file run.csv (CSV, C-alpha atoms and all ligand atoms)
chain,number,residue,atom,x,y,z
A,427,MET,CA,-42.4,47.8,-31.1
A,428,LEU,CA,-44.6,46.3,-28.4
A,429,VAL,CA,-44.3,46.1,-24.6
A,430,ASN,CA,-45.7,43.1,-22.8
A,431,GLU,CA,-46.8,44.4,-19.5
A,432,GLU,CA,-47.5,41.0,-17.9
A,433,ILE,CA,-45.3,40.1,-15.0
A,434,LYS,CA,-42.9,37.3,-15.9
A,435,LEU,CA,-41.2,35.4,-13.1
A,436,ASP,CA,-37.8,33.8,-12.3
A,437,TYR,CA,-37.3,31.1,-9.8
A,438,SER,CA,-36.2,33.6,-7.1
A,439,ASP,CA,-39.5,35.5,-7.6
A,440,VAL,CA,-41.6,32.8,-6.0
A,441,LEU,CA,-42.0,30.3,-3.1
A,442,ILE,CA,-44.3,27.3,-2.9
A,443,ARG,CA,-47.0,27.5,-0.2
A,444,PRO,CA,-47.1,24.4,2.1
A,445,LYS,CA,-50.3,22.4,2.2
A,446,ARG,CA,-51.9,19.7,4.4
A,447,SER,CA,-50.5,16.3,3.8
A,448,THR,CA,-51.2,12.7,4.9
A,449,MET,CA,-47.6,11.7,4.4
A,450,SER,CA,-45.4,11.1,7.4
A,451,SER,CA,-42.0,10.8,5.9
A,452,ARG,CA,-40.0,12.0,2.8
A,453,GLY,CA,-39.1,8.4,2.3
A,454,GLU,CA,-42.6,7.8,0.9
A,455,VAL,CA,-42.1,10.1,-2.0
A,456,ASN,CA,-41.4,8.5,-5.4
A,457,LEU,CA,-39.2,10.7,-7.6
A,458,GLU,CA,-39.2,8.4,-10.6
A,459,ARG,CA,-41.3,9.3,-13.6
A,460,THR,CA,-42.3,7.4,-16.6
A,461,HIS,CA,-42.5,9.5,-19.8
A,462,ASN,CA,-44.1,8.2,-23.0
A,463,PHE,CA,-42.8,10.2,-26.0
A,464,LEU,CA,-45.0,11.6,-28.7
A,465,TRP,CA,-43.2,10.7,-31.9
A,466,SER,CA,-40.7,8.0,-30.9
A,467,LYS,CA,-43.5,6.1,-29.0
A,468,LYS,CA,-40.7,5.1,-26.6
A,469,LYS,CA,-41.0,5.1,-22.8
A,470,TRP,CA,-38.4,6.2,-20.3
A,471,THR,CA,-38.4,5.7,-16.5
A,472,GLY,CA,-36.0,7.4,-14.1
A,473,ILE,CA,-35.5,10.5,-12.1
A,474,PRO,CA,-35.8,13.3,-14.7
A,475,ILE,CA,-32.7,15.4,-13.8
A,476,MET,CA,-29.9,15.7,-16.4
A,477,SER,CA,-26.4,17.0,-16.5
A,478,SER,CA,-25.9,19.7,-19.1
A,479,ASN,CA,-23.9,18.9,-22.3
A,480,MET,CA,-21.1,21.2,-21.2
A,481,ASP,CA,-17.4,20.2,-21.3
A,482,THR,CA,-17.0,20.3,-17.5
A,483,VAL,CA,-20.1,18.3,-16.4
A,484,GLY,CA,-21.0,16.1,-19.4
A,485,THR,CA,-18.2,13.6,-18.6
A,486,PRO,CA,-18.0,9.8,-18.5
A,487,ALA,CA,-17.4,9.9,-14.7
A,488,MET,CA,-20.4,12.1,-14.2
A,489,HIS,CA,-22.5,9.6,-16.2
A,490,LYS,CA,-21.3,6.8,-14.0
A,491,VAL,CA,-22.6,8.5,-10.8
A,492,LEU,CA,-25.8,9.9,-12.4
A,493,SER,CA,-26.8,6.6,-13.8
A,494,LYS,CA,-26.5,5.0,-10.4
A,495,TYR,CA,-29.4,7.2,-9.4
A,496,LYS,CA,-31.3,6.8,-12.7
A,497,LEU,CA,-30.5,10.4,-13.7
A,498,ILE,CA,-29.6,11.4,-17.3
A,499,THR,CA,-26.2,12.5,-18.7
A,500,CYS,CA,-26.0,14.8,-21.7
A,501,PRO,CA,-22.4,14.1,-22.8
A,502,ALA,CA,-20.3,17.2,-23.9
A,503,LYS,CA,-20.4,17.5,-27.6
A,504,HIS,CA,-16.7,16.6,-28.2
A,505,HIS,CA,-17.4,13.1,-27.0
A,506,LEU,CA,-19.8,12.6,-29.9
A,507,LYS,CA,-17.0,12.2,-32.5
A,508,LYS,CA,-14.5,10.1,-30.6
A,509,ASP,CA,-15.5,8.4,-27.4
A,510,GLN,CA,-19.2,7.5,-27.3
A,511,GLY,CA,-18.1,4.1,-26.0
A,512,LYS,CA,-17.4,5.7,-22.6
A,513,PHE,CA,-21.1,6.3,-22.2
A,514,LYS,CA,-22.3,2.9,-23.4
A,515,LYS,CA,-23.1,1.4,-20.0
A,516,GLY,CA,-26.4,2.9,-19.0
A,517,LYS,CA,-26.9,4.4,-22.4
A,518,ALA,CA,-30.7,4.5,-21.9
A,519,ASN,CA,-29.9,7.4,-19.5
A,520,THR,CA,-27.9,9.5,-22.0
A,521,CYS,CA,-29.0,12.2,-24.3
A,522,TRP,CA,-26.5,13.2,-27.0
A,523,PHE,CA,-26.9,16.8,-28.2
A,524,GLY,CA,-25.3,18.3,-31.2
A,525,GLY,CA,-25.6,21.3,-33.5
A,526,ILE,CA,-27.1,21.4,-37.0
A,527,ASP,CA,-23.9,20.1,-38.5
A,528,ASP,CA,-24.0,17.0,-36.3
A,529,ILE,CA,-27.2,15.5,-37.7
A,530,ASN,CA,-25.4,12.6,-39.3
A,531,ASN,CA,-23.3,11.8,-36.2
A,532,LEU,CA,-26.4,12.0,-34.0
A,533,ALA,CA,-28.3,9.7,-36.3
A,534,LYS,CA,-25.6,7.1,-35.7
A,535,THR,CA,-25.7,7.2,-31.9
A,536,SER,CA,-27.4,4.5,-29.9
A,537,SER,CA,-28.7,6.2,-26.8
A,538,GLY,CA,-31.8,6.9,-24.9
A,539,PHE,CA,-32.3,10.3,-26.5
A,540,ILE,CA,-30.7,12.5,-29.1
A,541,GLY,CA,-31.1,16.2,-29.5
A,542,LEU,CA,-30.4,19.4,-31.5
A,543,ASP,CA,-29.2,22.2,-29.3
A,544,VAL,CA,-28.5,25.7,-30.4
A,545,ALA,CA,-28.4,29.1,-28.6
A,546,ASN,CA,-31.3,30.4,-30.7
A,547,GLY,CA,-34.0,27.9,-31.6
A,548,TYR,CA,-36.1,30.5,-33.5
A,549,THR,CA,-34.6,30.2,-37.0
A,550,ILE,CA,-36.2,28.5,-40.0
A,551,LYS,CA,-32.9,26.7,-40.5
A,552,PHE,CA,-33.2,25.2,-37.1
A,553,VAL,CA,-36.8,24.0,-37.6
A,554,ASP,CA,-35.7,22.4,-40.9
A,555,ALA,CA,-32.9,20.7,-39.1
A,556,VAL,CA,-35.3,19.2,-36.5
A,557,LYS,CA,-37.5,17.9,-39.4
A,558,LYS,CA,-34.4,16.4,-41.1
A,559,LEU,CA,-33.3,14.6,-37.9
A,560,ARG,CA,-36.9,13.3,-37.5
A,561,ASP,CA,-36.9,12.0,-41.1
A,562,LYS,CA,-33.6,10.3,-40.6
A,563,CYS,CA,-34.5,8.8,-37.2
A,564,PRO,CA,-38.2,8.1,-37.1
A,565,ASP,CA,-37.9,6.0,-33.9
A,566,ALA,CA,-35.6,8.2,-31.9
A,567,THR,CA,-36.6,10.3,-28.9
A,568,ILE,CA,-35.6,13.7,-30.1
A,569,ALA,CA,-35.0,16.8,-28.0
A,570,ALA,CA,-34.6,20.3,-29.5
A,571,GLY,CA,-34.0,23.8,-28.3
A,572,ASN,CA,-33.5,26.3,-26.9
A,573,VAL,CA,-36.6,28.4,-26.9
A,574,VAL,CA,-38.7,30.2,-24.3
A,575,THR,CA,-42.2,30.8,-25.7
A,576,ALA,CA,-45.2,28.6,-26.4
A,577,ASP,CA,-45.4,29.3,-30.1
A,578,MET,CA,-41.9,28.1,-30.8
A,579,THR,CA,-42.3,25.1,-28.5
A,580,GLN,CA,-45.3,24.0,-30.6
A,581,GLU,CA,-43.5,24.6,-33.8
A,582,LEU,CA,-40.5,22.4,-32.8
A,583,ILE,CA,-42.9,19.7,-31.6
A,584,LEU,CA,-44.8,19.8,-34.9
A,585,ALA,CA,-41.4,19.6,-36.7
A,586,GLY,CA,-40.7,16.3,-34.9
A,587,ALA,CA,-39.3,17.1,-31.4
A,588,ASP,CA,-40.6,14.9,-28.6
A,589,ILE,CA,-39.0,17.2,-26.0
A,590,VAL,CA,-38.3,20.9,-26.2
A,591,LYS,CA,-35.4,22.5,-24.3
A,592,VAL,CA,-36.4,25.7,-22.6
A,593,GLY,CA,-34.1,28.5,-21.5
A,594,ILE,CA,-32.5,31.5,-23.1
A,595,GLY,CA,-30.2,33.4,-20.8
A,596,PRO,CA,-30.7,32.0,-17.3
A,597,GLY,CA,-27.5,29.9,-17.2
A,598,SER,CA,-25.0,30.5,-14.5
A,599,VAL,CA,-22.2,31.2,-17.0
A,600,CYS,CA,-24.3,32.7,-19.7
A,601,THR,CA,-23.9,36.3,-20.7
A,602,THR,CA,-26.6,36.4,-23.5
A,603,ARG,CA,-28.9,38.7,-21.5
A,604,ILE,CA,-26.0,41.1,-20.8
A,605,LYS,CA,-24.6,41.1,-24.2
A,606,THR,CA,-27.8,41.1,-26.3
A,607,GLY,CA,-30.6,42.1,-24.0
A,608,ILE,CA,-32.4,38.9,-25.1
A,609,GLY,CA,-34.1,36.5,-22.6
A,610,TYR,CA,-37.2,35.5,-20.7
A,611,PRO,CA,-37.6,34.9,-17.0
A,612,GLN,CA,-37.1,31.2,-16.6
A,613,LEU,CA,-40.0,30.2,-14.3
A,614,SER,CA,-42.5,31.9,-16.7
A,615,ALA,CA,-40.8,30.3,-19.7
A,616,VAL,CA,-41.1,26.9,-18.1
A,617,ILE,CA,-44.8,27.4,-17.2
A,618,GLU,CA,-45.7,28.7,-20.7
A,619,CYS,CA,-43.7,26.2,-22.7
A,620,ALA,CA,-44.8,23.2,-20.5
A,621,ASP,CA,-48.4,24.2,-21.0
A,622,ALA,CA,-47.9,24.4,-24.8
A,623,ALA,CA,-46.0,21.1,-24.9
A,624,HIS,CA,-48.4,19.1,-22.7
A,625,GLY,CA,-51.3,20.2,-24.8
A,626,LEU,CA,-49.6,18.3,-27.7
A,627,ASP,CA,-48.6,15.3,-25.4
A,628,ALA,CA,-44.9,16.4,-25.7
A,629,HIS,CA,-42.4,17.2,-23.0
A,630,ILE,CA,-40.0,20.0,-21.9
A,631,ILE,CA,-36.6,20.3,-20.3
A,632,ALA,CA,-36.1,23.3,-18.0
A,633,ASP,CA,-32.5,24.2,-18.9
A,634,GLY,CA,-30.4,26.6,-16.8
A,635,GLY,CA,-30.9,28.9,-13.9
A,636,CYS,CA,-31.1,26.4,-11.0
A,637,VAL,CA,-28.8,27.4,-8.2
A,638,ASN,CA,-30.2,25.2,-5.4
A,639,SER,CA,-32.5,22.2,-5.0
A,640,GLY,CA,-35.4,24.6,-4.3
A,641,ASP,CA,-35.1,25.9,-7.8
A,642,ILE,CA,-35.2,22.4,-9.2
A,643,VAL,CA,-38.4,21.9,-7.2
A,644,LYS,CA,-39.8,25.1,-8.6
A,645,ALA,CA,-39.0,24.0,-12.2
A,646,PHE,CA,-40.8,20.7,-11.7
A,647,ALA,CA,-43.7,22.5,-9.9
A,648,ALA,CA,-43.9,24.8,-12.9
A,649,GLY,CA,-44.5,21.8,-15.2
A,650,ALA,CA,-41.0,20.8,-16.3
A,651,ASP,CA,-40.7,17.1,-17.3
A,652,PHE,CA,-36.9,17.2,-17.0
A,653,VAL,CA,-34.5,19.7,-15.4
A,654,MET,CA,-31.0,20.3,-16.8
A,655,LEU,CA,-28.2,21.3,-14.5
A,656,GLY,CA,-24.8,22.9,-15.3
A,657,GLY,CA,-23.4,24.9,-12.4
A,658,MET,CA,-25.0,22.8,-9.7
A,659,LEU,CA,-22.9,19.8,-10.9
A,660,ALA,CA,-19.7,21.8,-11.3
A,661,GLY,CA,-16.8,21.6,-8.9
A,662,HIS,CA,-16.9,17.8,-8.3
A,663,ASP,CA,-14.3,15.0,-8.7
A,664,GLU,CA,-16.3,13.7,-11.7
A,665,CYS,CA,-15.9,17.0,-13.6
A,666,ASP,CA,-13.4,17.7,-16.3
A,667,GLY,CA,-10.7,20.0,-14.9
A,668,GLU,CA,-8.2,20.4,-12.1
A,669,VAL,CA,-8.6,21.5,-8.5
A,670,GLU,CA,-6.4,24.5,-7.8
A,671,ASN,CA,-6.4,26.3,-4.4
A,672,GLY,CA,-9.7,24.8,-3.5
A,673,VAL,CA,-11.5,25.8,-6.8
A,674,MET,CA,-12.3,24.4,-10.2
A,675,LYS,CA,-12.9,26.2,-13.5
A,676,PHE,CA,-16.4,26.1,-14.9
A,677,TYR,CA,-17.1,27.7,-18.3
A,678,GLY,CA,-19.9,28.3,-20.7
A,679,MET,CA,-19.9,26.5,-24.0
A,680,ALA,CA,-19.9,29.9,-25.8
A,681,SER,CA,-17.1,31.3,-23.7
A,682,GLU,CA,-13.6,32.2,-24.7
A,683,SER,CA,-12.4,29.1,-22.8
A,684,ALA,CA,-14.7,26.7,-24.8
A,685,MET,CA,-13.9,28.4,-28.1
A,686,SER,CA,-10.2,28.2,-27.6
A,687,ARG,CA,-10.4,24.6,-26.5
A,688,HIS,CA,-12.4,23.5,-29.5
A,689,GLY,CA,-11.0,26.0,-32.0
A,690,ASN,CA,-14.3,27.3,-33.2
A,691,HIS,CA,-13.7,31.0,-33.2
A,692,ASN,CA,-15.2,32.7,-36.3
A,693,ALA,CA,-15.9,36.2,-37.3
A,694,TYR,CA,-19.6,36.1,-36.5
A,695,ARG,CA,-19.8,34.0,-33.4
A,696,GLY,CA,-19.6,36.3,-30.4
A,697,VAL,CA,-18.6,35.2,-26.9
A,698,GLU,CA,-21.8,34.8,-24.9
A,699,GLY,CA,-20.5,32.8,-22.0
A,700,LYS,CA,-18.0,33.3,-19.2
A,701,THR,CA,-15.5,31.3,-17.2
A,702,VAL,CA,-15.9,31.2,-13.4
A,703,GLU,CA,-14.2,29.5,-10.5
A,704,VAL,CA,-16.4,27.3,-8.4
A,705,GLU,CA,-15.6,25.9,-5.0
A,706,TYR,CA,-14.3,22.3,-5.1
A,707,ARG,CA,-17.1,20.1,-3.6
A,708,GLY,CA,-15.7,16.6,-3.6
A,709,LYS,CA,-17.9,13.7,-4.8
A,710,ALA,CA,-21.0,14.4,-7.0
A,711,ASP,CA,-22.7,11.6,-5.1
A,712,ASP,CA,-23.1,13.8,-2.0
A,713,THR,CA,-24.5,16.6,-4.0
A,714,ILE,CA,-27.0,14.4,-5.8
A,715,LYS,CA,-28.2,12.8,-2.6
A,716,ASP,CA,-28.7,16.4,-1.2
A,717,ILE,CA,-30.6,17.5,-4.3
A,718,LEU,CA,-32.9,14.4,-4.2
A,719,SER,CA,-33.5,14.8,-0.5
A,720,GLY,CA,-34.5,18.5,-1.0
A,721,ILE,CA,-37.0,17.5,-3.7
A,722,ARG,CA,-38.5,14.7,-1.6
A,723,SER,CA,-38.9,17.1,1.3
A,724,ALA,CA,-40.6,19.7,-0.9
A,725,CYS,CA,-43.1,17.0,-2.0
A,726,THR,CA,-44.0,16.2,1.6
A,727,TYR,CA,-44.6,19.9,2.3
A,728,VAL,CA,-47.3,20.0,-0.4
A,729,GLY,CA,-48.6,16.5,-0.1
A,730,ALA,CA,-47.3,15.1,-3.3
A,731,THR,CA,-46.6,11.4,-3.0
A,732,ARG,CA,-45.0,11.3,-6.4
A,733,LEU,CA,-42.9,13.8,-8.4
A,734,LYS,CA,-45.6,13.5,-11.0
A,735,THR,CA,-48.2,15.2,-8.8
A,736,LEU,CA,-45.9,18.0,-7.5
A,737,SER,CA,-47.1,20.4,-10.1
A,738,LYS,CA,-50.8,19.8,-9.4
A,739,CYS,CA,-50.1,20.3,-5.6
A,740,THR,CA,-48.3,23.6,-6.2
A,741,THR,CA,-49.5,27.1,-5.4
A,742,PHE,CA,-46.7,29.6,-6.1
A,743,VAL,CA,-46.6,32.8,-4.0
A,744,ARG,CA,-44.8,35.8,-5.3
A,745,VAL,CA,-42.1,37.2,-3.2
A,746,ASN,CA,-40.8,40.7,-3.2
A,747,ASN,CA,-37.2,40.5,-4.2
A,748,THR,CA,-36.8,44.2,-4.8
A,749,HIS,CA,-37.5,44.8,-1.1
A,750,ASN,CA,-35.0,42.1,-0.1
A,751,THR,CA,-32.3,43.7,-2.3
A,752,ILE,CA,-32.9,47.2,-1.0
A,753,PHE,CA,-32.7,46.1,2.7
A,754,GLY,CA,-29.9,43.6,2.1
A,755,MET,CA,-31.9,40.6,3.3
A,756,GLU,CA,-31.3,37.2,1.8
A,801,LIG,P1,-26.8,26.5,-15.2
A,801,LIG,O1,-27.4,25.2,-14.8
A,801,LIG,O2,-25.3,26.5,-15.1
A,801,LIG,O3,-27.4,27.7,-14.7
A,801,LIG,O4,-27.1,26.5,-16.8
A,801,LIG,C1,-26.7,25.5,-17.7
A,801,LIG,C2,-27.1,25.9,-19.1
A,801,LIG,O5,-26.6,27.1,-19.5
A,801,LIG,C3,-26.7,24.9,-20.2
A,801,LIG,O6,-27.4,23.7,-20.2
A,801,LIG,C4,-26.9,25.8,-21.4
A,801,LIG,O7,-28.2,25.8,-21.9
A,801,LIG,C5,-26.5,27.2,-20.9
A,801,LIG,N1,-25.2,27.5,-21.3
A,801,LIG,C6,-24.0,26.8,-21.2
A,801,LIG,N2,-23.0,27.5,-21.7
A,801,LIG,C7,-23.4,28.7,-22.1
A,801,LIG,C8,-22.8,29.8,-22.7
A,801,LIG,O8,-21.6,29.9,-22.9
A,801,LIG,N3,-23.7,30.8,-23.1
A,801,LIG,C9,-25.0,30.7,-22.9
A,801,LIG,N4,-25.8,31.8,-23.4
A,801,LIG,N5,-25.6,29.7,-22.3
A,801,LIG,C10,-24.8,28.7,-21.9
call {"tool": "encode", "arguments": {"input": "run.csv", "output": "C-alpha cells"}}
result
Amino acid sequence: MLVNEEIKLDYSDVLIRPKRSTMSSRGEVNLERTHNFLWSKKKWTGIPIMSSNMDTVGTPAMHKVLSKYKLITCPAKHHLKKDQGKFKKGKANTCWFGGIDDINNLAKTSSGFIGLDVANGYTIKFVDAVKKLRDKCPDATIAAGNVVTADMTQELILAGADIVKVGIGPGSVCTTRIKTGIGYPQLSAVIECADAAHGLDAHIIADGGCVNSGDIVKAFAAGADFVMLGGMLAGHDECDGEVENGVMKFYGMASESAMSRHGNHNAYRGVEGKTVEVEYRGKADDTIKDILSGIRSACTYVGATRLKTLSKCTTFVRVNNTHNTIFGME
C-alpha cells in the first residue's frame, strides 16, 4: 500500500488570478477552437463543449440547440440502435459513445466522432476494445475513457484513441466515490491527463464535476480540449423528461432509474449513480448563452484573446475551502 502525499485539487479548490490585458470587451474573445486529431488526421472546428451521453441531456432537441452554437452533442446510447437519423443534421458536431459490446454499431455510424465509454477505463479488455475499434475504423476520430491518470491516458492513446475522456467520480449524479472510495480530484486529473495527452499530440475531454461556468473555465485553463456537461444542461425544455411542480428528474446512467429504463440489471453491476430533481430552467439556449458569456469574460480577465491561449494565460491560486466550510462562508 502507498500513500501519495501530493495535494490534488478539485475545481472548487482554486481560483484564477486576473492579469493585465489589452482587451476592451469580451466580444473580442474567440471561443472557437480547431483541433487536429492524431490518428484520424481529421480536423474539427467549433466551441469544444459537449453534452454528456446521458438519457436526459443527450437528446435530439439538445443537439438542435447545441449545434446552433457549434457545440457537440453526445447522444444517449439508446439512440445508437434506433434513431441515429434524428442527429443527422449537424452530424459533424456529434460524438456517439457506446460500450465494448457496441463496437459494431459504432463502426457503422457516420458522425464527427465515435467513442468507447466505460466507468473503468483501466482494464486490459477495454484497451483491447479501443484497439479493435481503431482497426475497424482507421479514419474515425475516436474518444475513449474514463480514466484519471497520465499513464492510462497514454496507454489509451497508443491503443488508438485520439481523445481521452477524463473523470472518475466527479459527476453530479455519480456515487462511485461514496460507494467504492475510488476517484481522483478532477482539476488535477485534467492537468495531469492533458499534459500526458498533449505530449503525444492527442486531446482530452474533462468529463463531469462542472457546476457553473467558472468550473468550465477552470477545466479549459487546466488544459482540457473539450468539456463535457451533464447536470449543467439538465432541467431544460430540450431534456428528456417531464416538468412536475417546477422540477425535472436527472439521473446517472448507472442509477436505478437508468437500469430500470434500459433493463440492464445484472448480478454484478452495482448502482453507482443516483436520481435527483433539478429546478426547471426553461430553454437551454439561455443557459448556453450564459455559459459562453462567462467563459468570454474569464478570458478578458486574464488577457486571452482566444480560448486556445486561456491555459497559457492562467495562474491558479489555491483557496482554503476547509476554512469556508467551517465558518459557513460561500
Ligand atoms: P456532471 O456534468 O453532471 O457533473 O457529470 C456528468 C458525467 O457524470 C457524465 O458525463 C458521466 O461521465 C458521469 N456519469 C453519468 N452518470 C453516472 C452514473 O450513474 N455513475 C457515475 N459514476 N458517473 C456517471
call {"tool": "residues_near_ligand", "arguments": {"input": "run.csv", "ligand": "ligand LIG 801 (chain A)", "cutoff": "7 Å", "atoms": "all atoms listed in the file", "output": "ChimeraX atom specification"}}
result
/A:478-480,545,593-602,633-637,654-658,677-681,698-700
call {"tool": "closest_residue", "arguments": {"input": "run.csv", "among": "A:Lys512, A:His624, A:Lys496, A:Arg443", "to": "A:Leu457", "atoms": "only C-alpha atoms"}}
result
A:Lys496
call {"tool": "residues_around", "arguments": {"input": "run.csv", "residues": "A:Gln580", "least_positions_apart": "3", "cutoff": "8 Å", "atoms": "only C-alpha atoms", "output": "list in words"}}
result
Ala576, Asp577, Ile583, Leu584, Ala622, Ala623 and Leu626 of chain A
call {"tool": "atom_distance", "arguments": {"input": "run.csv", "atom1": "atom CA of A:Met427", "atom2": "atom CA of A:Ile550"}}
result
22.1 Å
call {"tool": "atom_distance", "arguments": {"input": "run.csv", "atom1": "atom CA of A:Leu497", "atom2": "atom CA of A:Ala648"}}
result
19.7 Å
call {"tool": "closest_residue", "arguments": {"input": "run.csv", "among": "A:Val616, A:Ile608, A:Lys534, A:His662", "to": "A:Val574", "atoms": "only C-alpha atoms"}}
result
A:Val616
call {"tool": "atom_distance", "arguments": {"input": "run.csv", "atom1": "atom CA of A:Ile642", "atom2": "atom CA of A:Thr549"}}
result
28.9 Å
call {"tool": "residues_around", "arguments": {"input": "run.csv", "residues": "stretch 738-745 of chain A", "least_positions_apart": "2", "cutoff": "12 Å", "atoms": "all atoms listed in the file", "output": "number ranges by chain"}}
result
A: 433-447, 613-614, 617, 643-649, 724-736, 747-751, 756
call {"tool": "closest_residue", "arguments": {"input": "run.csv", "among": "A:Asp565, A:Asp711, A:Glu581, A:Glu705", "to": "A:Lys468", "atoms": "all atoms listed in the file"}}
result
A:Asp565
call {"tool": "closest_residue", "arguments": {"input": "run.csv", "among": "A:Leu428, A:Lys517, A:Leu659, A:Val553", "to": "A:Ile714", "atoms": "only C-alpha atoms"}}
result
A:Leu659
call {"tool": "closest_residue", "arguments": {"input": "run.csv", "among": "A:His688, A:Lys591, A:Arg560, A:Lys551", "to": "A:Ala650", "atoms": "only C-alpha atoms"}}
result
A:Lys591
call {"tool": "closest_residue", "arguments": {"input": "run.csv", "among": "A:Asn519, A:Thr579, A:Asn456, A:Thr567", "to": "A:Ile630", "atoms": "all atoms listed in the file"}}
result
A:Thr579
call {"tool": "build_atoms", "arguments": {"input": "run.csv", "residues": "stretch 571-595 of chain A", "atoms": "N, CA and C atoms", "output": "PDB file, in the frame of the given file"}}
result
ATOM      1  N   GLY A 571     -33.896  22.521 -28.910  1.00  0.00           N
ATOM      2  CA  GLY A 571     -34.000  23.800 -28.300  1.00  0.00           C
ATOM      3  C   GLY A 571     -32.791  24.670 -28.605  1.00  0.00           C
ATOM      4  N   ASN A 572     -32.668  25.881 -28.018  1.00  0.00           N
ATOM      5  CA  ASN A 572     -33.500  26.300 -26.900  1.00  0.00           C
ATOM      6  C   ASN A 572     -34.456  27.430 -27.332  1.00  0.00           C
ATOM      7  N   VAL A 573     -35.628  27.389 -26.710  1.00  0.00           N
ATOM      8  CA  VAL A 573     -36.600  28.400 -26.900  1.00  0.00           C
ATOM      9  C   VAL A 573     -37.236  28.797 -25.574  1.00  0.00           C
ATOM     10  N   VAL A 574     -38.083  29.806 -25.569  1.00  0.00           N
ATOM     11  CA  VAL A 574     -38.700  30.200 -24.300  1.00  0.00           C
ATOM     12  C   VAL A 574     -40.162  30.598 -24.405  1.00  0.00           C
ATOM     13  N   THR A 575     -40.754  30.340 -25.561  1.00  0.00           N
ATOM     14  CA  THR A 575     -42.200  30.800 -25.700  1.00  0.00           C
ATOM     15  C   THR A 575     -42.999  29.596 -26.277  1.00  0.00           C
ATOM     16  N   ALA A 576     -44.307  29.698 -26.008  1.00  0.00           N
ATOM     17  CA  ALA A 576     -45.200  28.600 -26.400  1.00  0.00           C
ATOM     18  C   ALA A 576     -45.290  28.400 -27.884  1.00  0.00           C
ATOM     19  N   ASP A 577     -45.300  29.494 -28.665  1.00  0.00           N
ATOM     20  CA  ASP A 577     -45.400  29.300 -30.100  1.00  0.00           C
ATOM     21  C   ASP A 577     -44.303  28.497 -30.702  1.00  0.00           C
ATOM     22  N   MET A 578     -43.094  28.797 -30.256  1.00  0.00           N
ATOM     23  CA  MET A 578     -41.900  28.100 -30.800  1.00  0.00           C
ATOM     24  C   MET A 578     -41.830  26.669 -30.262  1.00  0.00           C
ATOM     25  N   THR A 579     -42.308  26.479 -29.028  1.00  0.00           N
ATOM     26  CA  THR A 579     -42.300  25.100 -28.500  1.00  0.00           C
ATOM     27  C   THR A 579     -43.222  24.248 -29.356  1.00  0.00           C
ATOM     28  N   GLN A 580     -44.391  24.783 -29.698  1.00  0.00           N
ATOM     29  CA  GLN A 580     -45.300  24.000 -30.600  1.00  0.00           C
ATOM     30  C   GLN A 580     -44.697  23.763 -31.924  1.00  0.00           C
ATOM     31  N   GLU A 581     -44.031  24.783 -32.456  1.00  0.00           N
ATOM     32  CA  GLU A 581     -43.500  24.600 -33.800  1.00  0.00           C
ATOM     33  C   GLU A 581     -42.400  23.513 -33.821  1.00  0.00           C
ATOM     34  N   LEU A 582     -41.561  23.479 -32.797  1.00  0.00           N
ATOM     35  CA  LEU A 582     -40.500  22.400 -32.800  1.00  0.00           C
ATOM     36  C   LEU A 582     -41.125  21.055 -32.579  1.00  0.00           C
ATOM     37  N   ILE A 583     -42.198  20.979 -31.787  1.00  0.00           N
ATOM     38  CA  ILE A 583     -42.900  19.700 -31.600  1.00  0.00           C
ATOM     39  C   ILE A 583     -43.485  19.223 -32.928  1.00  0.00           C
ATOM     40  N   LEU A 584     -44.143  20.140 -33.606  1.00  0.00           N
ATOM     41  CA  LEU A 584     -44.800  19.800 -34.900  1.00  0.00           C
ATOM     42  C   LEU A 584     -43.720  19.423 -35.940  1.00  0.00           C
ATOM     43  N   ALA A 585     -42.498  19.953 -35.754  1.00  0.00           N
ATOM     44  CA  ALA A 585     -41.400  19.600 -36.700  1.00  0.00           C
ATOM     45  C   ALA A 585     -40.806  18.251 -36.362  1.00  0.00           C
ATOM     46  N   GLY A 586     -41.159  17.691 -35.200  1.00  0.00           N
ATOM     47  CA  GLY A 586     -40.700  16.300 -34.900  1.00  0.00           C
ATOM     48  C   GLY A 586     -39.991  16.160 -33.554  1.00  0.00           C
ATOM     49  N   ALA A 587     -39.956  17.207 -32.730  1.00  0.00           N
ATOM     50  CA  ALA A 587     -39.300  17.100 -31.400  1.00  0.00           C
ATOM     51  C   ALA A 587     -40.292  16.401 -30.430  1.00  0.00           C
ATOM     52  N   ASP A 588     -39.770  15.434 -29.666  1.00  0.00           N
ATOM     53  CA  ASP A 588     -40.600  14.900 -28.600  1.00  0.00           C
ATOM     54  C   ASP A 588     -40.456  15.738 -27.331  1.00  0.00           C
ATOM     55  N   ILE A 589     -39.294  16.383 -27.220  1.00  0.00           N
ATOM     56  CA  ILE A 589     -39.000  17.200 -26.000  1.00  0.00           C
ATOM     57  C   ILE A 589     -38.403  18.504 -26.458  1.00  0.00           C
ATOM     58  N   VAL A 590     -38.852  19.585 -25.848  1.00  0.00           N
ATOM     59  CA  VAL A 590     -38.300  20.900 -26.200  1.00  0.00           C
ATOM     60  C   VAL A 590     -37.499  21.436 -25.010  1.00  0.00           C
ATOM     61  N   LYS A 591     -36.305  21.935 -25.329  1.00  0.00           N
ATOM     62  CA  LYS A 591     -35.400  22.500 -24.300  1.00  0.00           C
ATOM     63  C   LYS A 591     -35.674  23.951 -24.138  1.00  0.00           C
ATOM     64  N   VAL A 592     -35.945  24.350 -22.879  1.00  0.00           N
ATOM     65  CA  VAL A 592     -36.400  25.700 -22.600  1.00  0.00           C
ATOM     66  C   VAL A 592     -35.410  26.490 -21.772  1.00  0.00           C
ATOM     67  N   GLY A 593     -35.041  27.665 -22.251  1.00  0.00           N
ATOM     68  CA  GLY A 593     -34.100  28.500 -21.500  1.00  0.00           C
ATOM     69  C   GLY A 593     -33.249  29.336 -22.411  1.00  0.00           C
ATOM     70  N   ILE A 594     -33.413  30.655 -22.392  1.00  0.00           N
ATOM     71  CA  ILE A 594     -32.500  31.500 -23.100  1.00  0.00           C
ATOM     72  C   ILE A 594     -32.005  32.573 -22.113  1.00  0.00           C
ATOM     73  N   GLY A 595     -30.774  32.418 -21.717  1.00  0.00           N
ATOM     74  CA  GLY A 595     -30.200  33.400 -20.800  1.00  0.00           C
ATOM     75  C   GLY A 595     -30.129  33.160 -19.345  1.00  0.00           C
TER      76      GLY A 595
END
